[in-house]
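File shown here: upload.cif, holding mmCIF, C-alpha atoms.
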```
data_entry
#
loop_
_atom_site.label_atom_id
_atom_site.label_comp_id
_atom_site.auth_asym_id
_atom_site.auth_seq_id
_atom_site.Cartn_x
_atom_site.Cartn_y
_atom_site.Cartn_z
CA MET A 226 7.56 -1.57 -10.07
CA GLU A 227 6.92 1.65 -11.92
CA SER A 228 9.11 4.67 -11.33
CA GLN A 229 7.72 7.94 -10.03
CA GLU A 230 8.24 9.52 -13.43
CA SER A 231 5.87 7.06 -15.06
CA THR A 232 2.17 7.74 -15.31
CA PHE A 233 -0.04 5.29 -13.48
CA PRO A 234 -3.61 4.68 -14.57
CA GLY A 235 -5.87 7.19 -12.89
CA ASP A 236 -3.22 9.87 -12.36
CA LYS A 237 -5.55 12.69 -13.45
CA ARG A 238 -6.25 15.02 -10.56
CA PRO A 239 -9.67 16.14 -9.35
CA GLY A 240 -11.03 19.10 -11.27
CA THR A 241 -10.30 17.80 -14.76
CA THR A 242 -13.02 17.89 -17.36
CA ASP A 243 -12.61 14.30 -18.54
CA VAL A 244 -15.94 12.51 -18.58
CA GLU A 245 -14.51 9.40 -16.96
CA ASN A 246 -13.39 11.40 -13.92
CA LYS A 247 -16.88 12.73 -13.18
CA PRO A 248 -18.96 10.85 -10.59
CA ASN A 249 -21.90 8.89 -11.92
CA LYS A 250 -24.91 10.90 -10.77
CA LYS A 251 -27.29 8.11 -11.75
CA ALA A 252 -25.75 5.63 -9.35
CA LYS A 253 -28.07 5.06 -6.39
CA THR A 254 -25.85 2.75 -4.41
CA ARG A 255 -22.15 2.71 -3.71
CA LYS A 256 -20.07 -0.44 -3.73
CA GLY A 257 -17.33 -0.36 -1.13
CA LEU A 258 -13.70 -1.35 -1.53
CA ASN A 259 -13.62 -5.03 -2.32
CA PHE A 260 -10.42 -6.97 -2.85
CA ARG A 261 -11.89 -9.54 -5.24
CA GLU A 262 -13.64 -6.88 -7.29
CA ILE A 263 -10.38 -4.98 -7.72
CA MET A 264 -8.56 -8.18 -8.67
CA ALA A 265 -11.23 -8.86 -11.31
CA PHE A 266 -10.56 -5.60 -13.16
CA PRO A 267 -8.93 -6.12 -16.57
CA HIS A 268 -5.19 -5.65 -16.55
CA ASN A 269 -5.43 -2.79 -19.04
CA ASP A 270 -8.36 -0.98 -17.36
CA ILE A 271 -6.97 2.51 -16.77
CA THR A 272 -9.85 4.01 -14.77
CA ALA A 273 -11.51 1.30 -12.67
CA ILE A 274 -9.16 1.33 -9.67
CA SER A 275 -8.93 5.11 -9.78
CA GLY A 276 -12.72 5.27 -9.63
CA LYS A 277 -12.84 2.95 -6.61
CA VAL A 278 -10.32 5.10 -4.77
CA GLN A 279 -12.22 8.31 -5.53
CA SER A 280 -15.45 6.73 -4.31
CA TRP A 281 -13.72 5.68 -1.09
CA ILE A 282 -12.40 9.20 -0.53
CA ARG A 283 -15.89 10.65 -0.95
CA LEU A 284 -17.16 8.22 1.69
CA TYR A 285 -14.42 9.31 4.09
CA LYS A 286 -15.08 13.01 3.48
CA ASN A 287 -18.85 12.68 3.91
CA ASP A 288 -18.57 12.06 7.66
CA HIS A 289 -18.19 8.28 7.29
CA ARG A 290 -14.59 8.04 8.46
CA ASP A 291 -15.03 4.82 10.44
CA ALA A 292 -16.84 3.07 7.59
CA ALA A 293 -14.08 4.09 5.18
CA ARG A 294 -11.33 2.87 7.51
CA VAL A 295 -13.13 -0.46 7.94
CA GLU A 296 -13.20 -0.94 4.16
CA LEU A 297 -9.52 -0.07 3.82
CA PHE A 298 -8.35 -2.33 6.66
CA ASN A 299 -10.35 -5.30 5.39
CA LEU A 300 -9.06 -4.84 1.85
CA ILE A 301 -5.47 -4.92 3.15
CA LEU A 302 -6.16 -8.03 5.23
CA GLU A 303 -7.67 -9.86 2.27
CA ALA A 304 -4.82 -8.71 0.03
CA CYS A 305 -2.45 -10.32 2.54
CA GLY A 306 -4.27 -13.63 2.19
CA LEU A 307 -6.84 -13.62 5.01
CA GLU A 308 -9.99 -15.51 4.02
CA PHE A 309 -12.91 -14.10 5.97
CA PRO A 310 -15.55 -16.81 5.27
CA LYS A 311 -13.30 -19.60 6.52
CA ILE A 312 -12.50 -17.65 9.65
CA ASN A 313 -16.17 -17.13 10.40
CA ASP A 314 -17.01 -20.79 9.73
CA LYS A 315 -14.29 -22.03 12.04
CA GLY A 316 -15.01 -19.41 14.67
CA LEU A 317 -11.34 -18.65 15.26
CA VAL A 318 -11.90 -14.97 15.99
CA LYS A 319 -15.44 -13.63 16.11
CA TRP A 320 -14.62 -10.02 15.35
CA TYR A 321 -13.13 -10.58 11.89
CA PRO A 322 -13.68 -9.05 9.46
CA ILE A 323 -13.28 -5.66 11.10
CA ASN A 324 -16.49 -3.64 11.30
CA LYS A 325 -17.59 -0.30 12.71
CA LYS A 326 -18.52 -1.83 16.05
CA ASN A 327 -15.14 -3.41 16.73
CA LEU A 328 -12.99 -0.78 14.98
CA GLN A 329 -12.07 0.85 18.29
CA ARG A 330 -10.58 -2.46 19.44
CA TYR A 331 -8.48 -2.67 16.30
CA HIS A 332 -4.75 -2.62 17.05
CA ILE A 333 -2.21 -3.60 14.44
CA GLU A 334 -0.11 -5.66 16.86
CA ASP A 335 -3.15 -7.71 17.87
CA VAL A 336 -3.98 -8.27 14.22
CA ARG A 337 -0.40 -9.35 13.54
CA CYS A 338 -0.63 -11.99 16.28
CA ASP A 339 -3.97 -13.16 14.91
CA MET A 340 -2.56 -13.35 11.38
CA ILE A 341 0.24 -15.62 12.58
CA ARG A 342 -2.30 -17.87 14.31
CA PHE A 343 -4.41 -17.92 11.16
CA ILE A 344 -1.38 -18.87 9.06
CA GLU A 345 -0.72 -21.78 11.40
CA SER A 346 -4.41 -22.75 11.14
CA GLY A 347 -4.36 -22.69 7.34
CA VAL A 348 -6.82 -19.86 6.73
CA VAL A 349 -4.28 -17.44 5.24
CA ARG A 350 -3.04 -17.98 1.70
CA ASP A 351 0.58 -17.30 0.85
CA TYR A 352 1.56 -14.97 -1.98
CA ASP A 353 2.15 -17.72 -4.54
CA THR A 354 -1.36 -19.07 -3.96
CA LEU A 355 -2.84 -15.58 -4.31
CA GLN A 356 -0.88 -14.97 -7.49
CA ASN A 357 -2.12 -18.22 -9.01
CA GLU A 358 -5.71 -17.07 -8.49
CA PHE A 359 -5.07 -13.39 -9.26
CA PRO A 360 -2.26 -13.19 -11.85
CA HIS A 361 -2.20 -9.37 -11.79
CA ILE A 362 -2.30 -8.97 -8.00
CA LYS A 363 1.01 -7.11 -7.77
CA VAL A 364 0.19 -4.57 -10.50
CA HIS A 365 -3.36 -4.01 -9.26
CA LEU A 366 -2.27 -3.42 -5.65
CA GLN A 367 0.56 -1.11 -6.71
CA ASN A 368 -1.97 0.78 -8.81
CA PHE A 369 -4.36 0.95 -5.87
CA CYS A 370 -1.69 2.30 -3.50
CA HIS A 371 -0.49 4.86 -6.01
CA ASN A 372 -4.01 6.13 -6.66
CA LEU A 373 -4.76 6.23 -2.94
CA VAL A 374 -1.73 8.46 -2.34
CA MET A 375 -2.33 10.72 -5.33
CA TRP A 376 -6.08 11.22 -4.88
CA SER A 377 -5.99 11.68 -1.10
CA HIS A 378 -3.19 14.22 -1.24
CA ASN A 379 -4.45 17.71 -0.40
CA GLU A 380 -7.32 16.14 1.53
CA PRO A 381 -7.59 16.41 5.35
CA LEU A 382 -7.59 12.61 5.53
CA PHE A 383 -4.18 12.27 3.86
CA PHE A 384 -1.75 11.81 6.75
CA ASP A 385 -4.14 9.70 8.84
CA THR A 386 -4.81 7.42 5.87
CA MET A 387 -1.13 7.05 5.04
CA LYS A 388 -0.36 6.20 8.66
CA ASP A 389 -3.10 3.54 8.73
CA CYS A 390 -1.77 1.96 5.54
CA LEU A 391 1.92 2.12 6.31
CA ASP A 392 1.46 0.82 9.85
CA CYS A 393 -0.25 -2.25 8.37
CA PHE A 394 2.30 -2.68 5.60
CA THR A 395 5.26 -2.27 7.94
CA THR A 396 3.97 -4.71 10.55
CA PHE A 397 3.02 -7.39 8.02
CA SER A 398 6.20 -6.89 5.96
CA CYS A 399 8.49 -7.34 8.92
CA HIS A 400 6.67 -9.85 11.09
CA LEU A 401 4.74 -12.27 8.90
CA PRO A 402 6.57 -15.43 7.78
CA SER A 403 8.38 -15.49 4.46
CA GLY A 404 5.94 -16.10 1.62
CA TYR A 405 3.11 -14.37 3.49
CA ASN A 406 4.67 -10.91 3.64
CA LYS A 407 5.15 -10.22 -0.08
CA THR A 408 1.87 -8.42 -0.66
CA ALA A 409 2.57 -6.02 2.19
CA ILE A 410 6.09 -5.38 0.89
CA TRP A 411 4.88 -4.54 -2.64
CA MET A 412 2.26 -2.18 -1.23
CA ALA A 413 4.72 -0.53 1.16
CA LEU A 414 7.35 0.05 -1.53
CA GLN A 415 4.80 1.54 -3.90
CA THR A 416 3.30 3.80 -1.22
CA VAL A 417 6.71 5.23 -0.34
CA SER A 418 7.51 5.73 -4.04
CA SER A 419 4.25 7.60 -4.55
CA LEU A 420 4.82 9.74 -1.45
CA LEU A 421 8.23 10.68 -2.84
CA ALA A 422 6.61 11.59 -6.17
CA ILE A 423 4.42 14.09 -4.33
CA ALA A 424 7.36 15.45 -2.34
CA THR A 425 9.40 15.86 -5.53
CA ASN A 426 6.53 17.74 -7.16
CA LEU A 427 6.14 20.06 -4.17
CA ARG A 428 9.85 20.83 -4.10
CA GLY A 429 9.82 21.48 -7.82
CA LYS A 430 7.10 24.08 -7.29
CA GLY A 431 9.01 25.68 -4.43
CA LYS A 432 6.40 24.68 -1.84
CA ILE A 433 8.74 24.18 1.11
CA ASP A 434 6.29 24.12 4.00
CA GLN A 435 5.20 22.07 6.99
CA ASP A 436 3.29 19.59 4.83
CA LEU A 437 6.44 18.83 2.84
CA ASN A 438 8.44 18.44 6.03
CA ASP A 439 5.80 16.08 7.46
CA LEU A 440 5.84 14.11 4.21
CA GLU A 441 9.62 13.74 4.29
CA GLN A 442 9.55 12.67 7.93
CA MET A 443 6.91 10.05 7.12
CA VAL A 444 9.07 8.65 4.33
CA ILE A 445 12.12 8.49 6.61
CA GLN A 446 10.12 6.89 9.42
CA TYR A 447 8.73 4.09 7.31
CA TYR A 448 11.95 3.63 5.38
CA GLN A 449 13.66 2.95 8.68
CA GLY A 450 10.67 0.98 9.96
CA PHE A 451 10.25 -1.54 7.16
CA PHE A 452 12.86 -1.14 4.42
CA LEU A 453 15.90 -1.71 6.61
CA ARG A 454 14.28 -4.94 7.82
CA VAL A 455 13.13 -6.42 4.53
CA TYR A 456 15.85 -5.54 2.02
CA LYS A 457 17.86 -8.55 3.24
CA ASP A 458 14.89 -10.90 2.95
CA ASN A 459 15.57 -14.50 1.93
CA ASP A 460 13.46 -14.02 -1.20
CA GLN A 461 15.60 -12.85 -4.13
CA GLU A 462 12.68 -11.06 -5.80
CA ILE A 463 12.11 -8.97 -2.68
CA ARG A 464 15.80 -8.07 -2.37
CA ARG A 465 16.01 -7.07 -6.02
CA SER A 466 12.83 -5.00 -5.81
CA CYS A 467 14.13 -3.20 -2.73
CA LEU A 468 17.41 -2.42 -4.48
CA LYS A 469 15.57 -1.16 -7.55
CA GLU A 470 13.36 1.12 -5.46
CA LEU A 471 16.26 2.44 -3.39
CA LYS A 472 18.20 3.36 -6.52
CA MET A 473 15.15 5.17 -7.87
CA TRP A 474 14.55 6.97 -4.57
CA THR A 475 18.20 8.07 -4.50
CA ARG A 476 17.95 9.55 -8.00
CA THR A 477 14.63 11.29 -7.48
CA TYR A 478 15.09 12.52 -3.90
CA PRO A 479 18.82 12.90 -3.21
CA SER A 480 18.30 15.29 -0.28
CA ILE A 481 17.28 12.26 1.79
CA PHE A 482 18.85 9.27 0.13
CA LEU A 483 22.32 10.59 -0.63
CA LYS A 484 23.11 10.74 3.06
CA GLN A 485 25.83 8.42 4.30
CA ALA A 486 23.52 5.99 6.10
CA TYR A 487 21.42 5.45 2.98
CA GLN A 488 24.48 5.06 0.77
CA GLU A 489 25.78 2.32 3.05
CA CYS A 490 22.44 0.54 2.72
CA LEU A 491 22.57 0.92 -1.07
CA GLN A 492 26.07 -0.55 -1.22
CA ASP A 493 24.97 -3.42 1.01
CA SER A 494 21.97 -4.09 -1.24
CA GLN A 495 24.19 -4.14 -4.32
CA LYS A 496 26.41 -6.76 -2.69
CA LEU A 497 23.36 -8.94 -2.04
CA ALA A 498 22.23 -8.53 -5.64
CA ASP A 499 25.72 -9.46 -6.88
CA GLN A 500 25.61 -12.65 -4.83
CA ASP A 501 22.34 -13.61 -6.50
CA ALA A 502 23.82 -12.96 -9.92
CA ASN A 503 26.84 -15.18 -9.34
#
```
Using the file provided, produce a representation of the structure as C-alpha cells.
Amino acid sequence: MESQESTFPGDKRPGTTDVENKPNKKAKTRKGLNFREIMAFPHNDITAISGKVQSWIRLYKNDHRDAARVELFNLILEACGLEFPKINDKGLVKWYPINKKNLQRYHIEDVRCDMIRFIESGVVRDYDTLQNEFPHIKVHLQNFCHNLVMWSHNEPLFFDTMKDCLDCFTTFSCHLPSGYNKTAIWMALQTVSSLLAIATNLRGKGKIDQDLNDLEQMVIQYYQGFFLRVYKDNDQEIRRSCLKELKMWTRTYPSIFLKQAYQECLQDSQKLADQDAN
C-alpha cells in the first residue's frame, strides 16, 4: 500500500488548470459508479478513477444525495464480492441491489447478516476469485478510496461520506469470514491512511480547528473499531499490511500513534510478523 507521502493518480485538487481535470461539457449523460467499469481501467491510467470520483461528488452536491449514496453502497458491496444478477435470479433478497426506494431501510448490520447468508448460498465471491478476474483490484480500490477522501475533503459531504464508507469497511472487515473480508480491509486501511494525510497537511499549515479535531477523532474511532480486530487475522498478508500501515501512521502522525496503547499494539504486531518470518 502506498504511503501518504506518495502521490496517487488523481491527486490534483479542484481549481487546477489542467485540461484533464476539467469536466467534459459535451457529455450529455453521466455514467454512475460501476465496480466493473473501474476494474476495467488500465493499471497505468492516472486520471480515470479520479474522474469517476469527481463525477460522483458533483452528483452528490447537485441535490442528489440519495442517488449518490446508492451508487457508493452498491460499489462497495460488489467490491466485496456480491453478485447482484445471481441474487435477483434466485430471489434471495428482493431489495438488492440498494436503490433510492429502499435506501431508508438500509442498515449496515442487516446487510452484514445478508452477506453471510449470501456467502453460505454461494452468491458472494471470495477475494482470491475476485483477484483472478480483476488482477488489479487492490490497487484500483486503494486508488478509489484515496481519491474519494482527497476530492471530497473541504466539501459539506465529507464527514457523512467517510462515515458511510468506514462503517461498511469496519463491519465487513471484522465480521465476514476469512477470505471474504480482504477487500474491505484494503479499503479501510487506505481510507485511514488518506485521512491521516489530510490531517498531517492541516497540521503543517497550522490549521488546528474543529475540523482537524473531528478528523483525528474519526481516525481513532475506526482504528479502534476495525484495526484492533483485524491485525491478528489468520491471513499473513493482512497481518503484514496492518503492521506496515501502523508503522507508517506512527511516523507520519506521532501525536496519536506514539501513545502507549498504540505502541503496545505495534510491538504485538511485530511479534506476529516475526513468527511468520521464522
Subject >> Neighbour list for stretch 286-293 of chain A as a PyMOL selection string, cut-off 9 Å, all atoms listed in the file, skip fewer than 3 positions in-chain >> reply: chain A and resi 257-258+281-283+296-298+324-325+328+380-382
Each residue of stretch 305-414 of chain A lying at most 10 Å from stretch 267-274 of chain A should get a row with its shortest atom-to-atom pair and the distance in Å to one decimal, counting only C-alpha atoms; could you produce that, ordered by chain and increasing number, as CSV?
```
residue,atom,partner,partner_atom,distance
A:Pro360,CA,A:His268,CA,9.4
A:His361,CA,A:His268,CA,6.7
A:Ile362,CA,A:His268,CA,9.6
A:Val364,CA,A:His268,CA,8.2
A:His365,CA,A:His268,CA,7.7
A:Leu366,CA,A:Ile274,CA,9.3
A:Asn368,CA,A:Ile274,CA,7.3
A:Phe369,CA,A:Ile274,CA,6.1
A:Cys370,CA,A:Ile274,CA,9.7
A:Asn372,CA,A:Ile274,CA,7.7
A:Leu373,CA,A:Ile274,CA,9.4
```
Subject >> Resolved residues for the PyMOL selection byres ((chain A and resi 344) around 12) as a PyMOL selection string >> reply: chain A and resi 305-308+312+317+337-343+345-351+401-406
Original post:
Of the candidates A:Asp460, A:Glu262, A:Glu358, A:Asp436, which shows the shortest atom-to-atom distance to A:Lys277, using all atoms listed in the file?
Top reply: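 Ranked by minimum distance to A:Lys277, first place goes to A:Glu262.
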**OP:** Could you please determine the separation between atom CA of A:Ser275 and atom CA of A:Gln449 in Å, to one decimal place?
**Re:** 29.3 Å
**OP:** Measuring atom to atom with all atoms listed in the file, identify which of A:Ala424, A:Thr386, A:His371, A:Ala413 is nearest to A:Gln442.
**Re:**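 Result for the nearest residue to A:Gln442: A:Ala424.
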Original post:
Out of A:Asp353, A:Asp335, A:Glu441, A:Asp434, which residue has the shortest atom-to-atom distance to A:Cys393 when counting only C-alpha atoms?
Top reply: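 Result for the nearest residue to A:Cys393: A:Asp335.
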**OP:** Determine the nearest neighbour of A:Lys469 from the options A:Val278, A:Ala265, A:Leu414, A:Val295, counting all atoms listed in the file.
**Re:**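 Closest to A:Lys469 of all the choices is A:Leu414.
Distance annotation: of A:Ser419, A:Thr477, A:Met264, A:Phe309, the residue with the minimal separation from A:Gln356 is A:Met264; atom set is only C-alpha atoms.
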**OP:** Write out as a list in words the residues lying within 12 Å of A:Asp439, counting only C-alpha atoms and excluding same-chain residues fewer than 2 positions away.
**Re:**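 Near neighbours after the sequence-gap exclusion: Phe383, Phe384, Asp385, Met387, Lys388, Leu420, Leu421, Ala424, Ile433, Asp434, Gln435, Asp436, Leu437, Glu441, Gln442, Met443, Val444, Ile445 and Gln446 of chain A.
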**OP:** Find the distance between atom CA of A:Ser480 and atom CA of A:Glu462 and write it in Å to one decimal.
**Re:**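 Rounded to one decimal, the two atoms are 27.5 Å apart.
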**OP:** Point out the residue among A:Cys390, A:Ile263, A:Met473, A:Leu300 with the least atom-to-atom distance to A:Thr416, counting all atoms listed in the file.
**Re:**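 That would be A:Cys390, the residue with the smallest distance to A:Thr416.
Going from atom CA of A:Lys472 to atom CA of A:Ser418 covers 11.2 Å.
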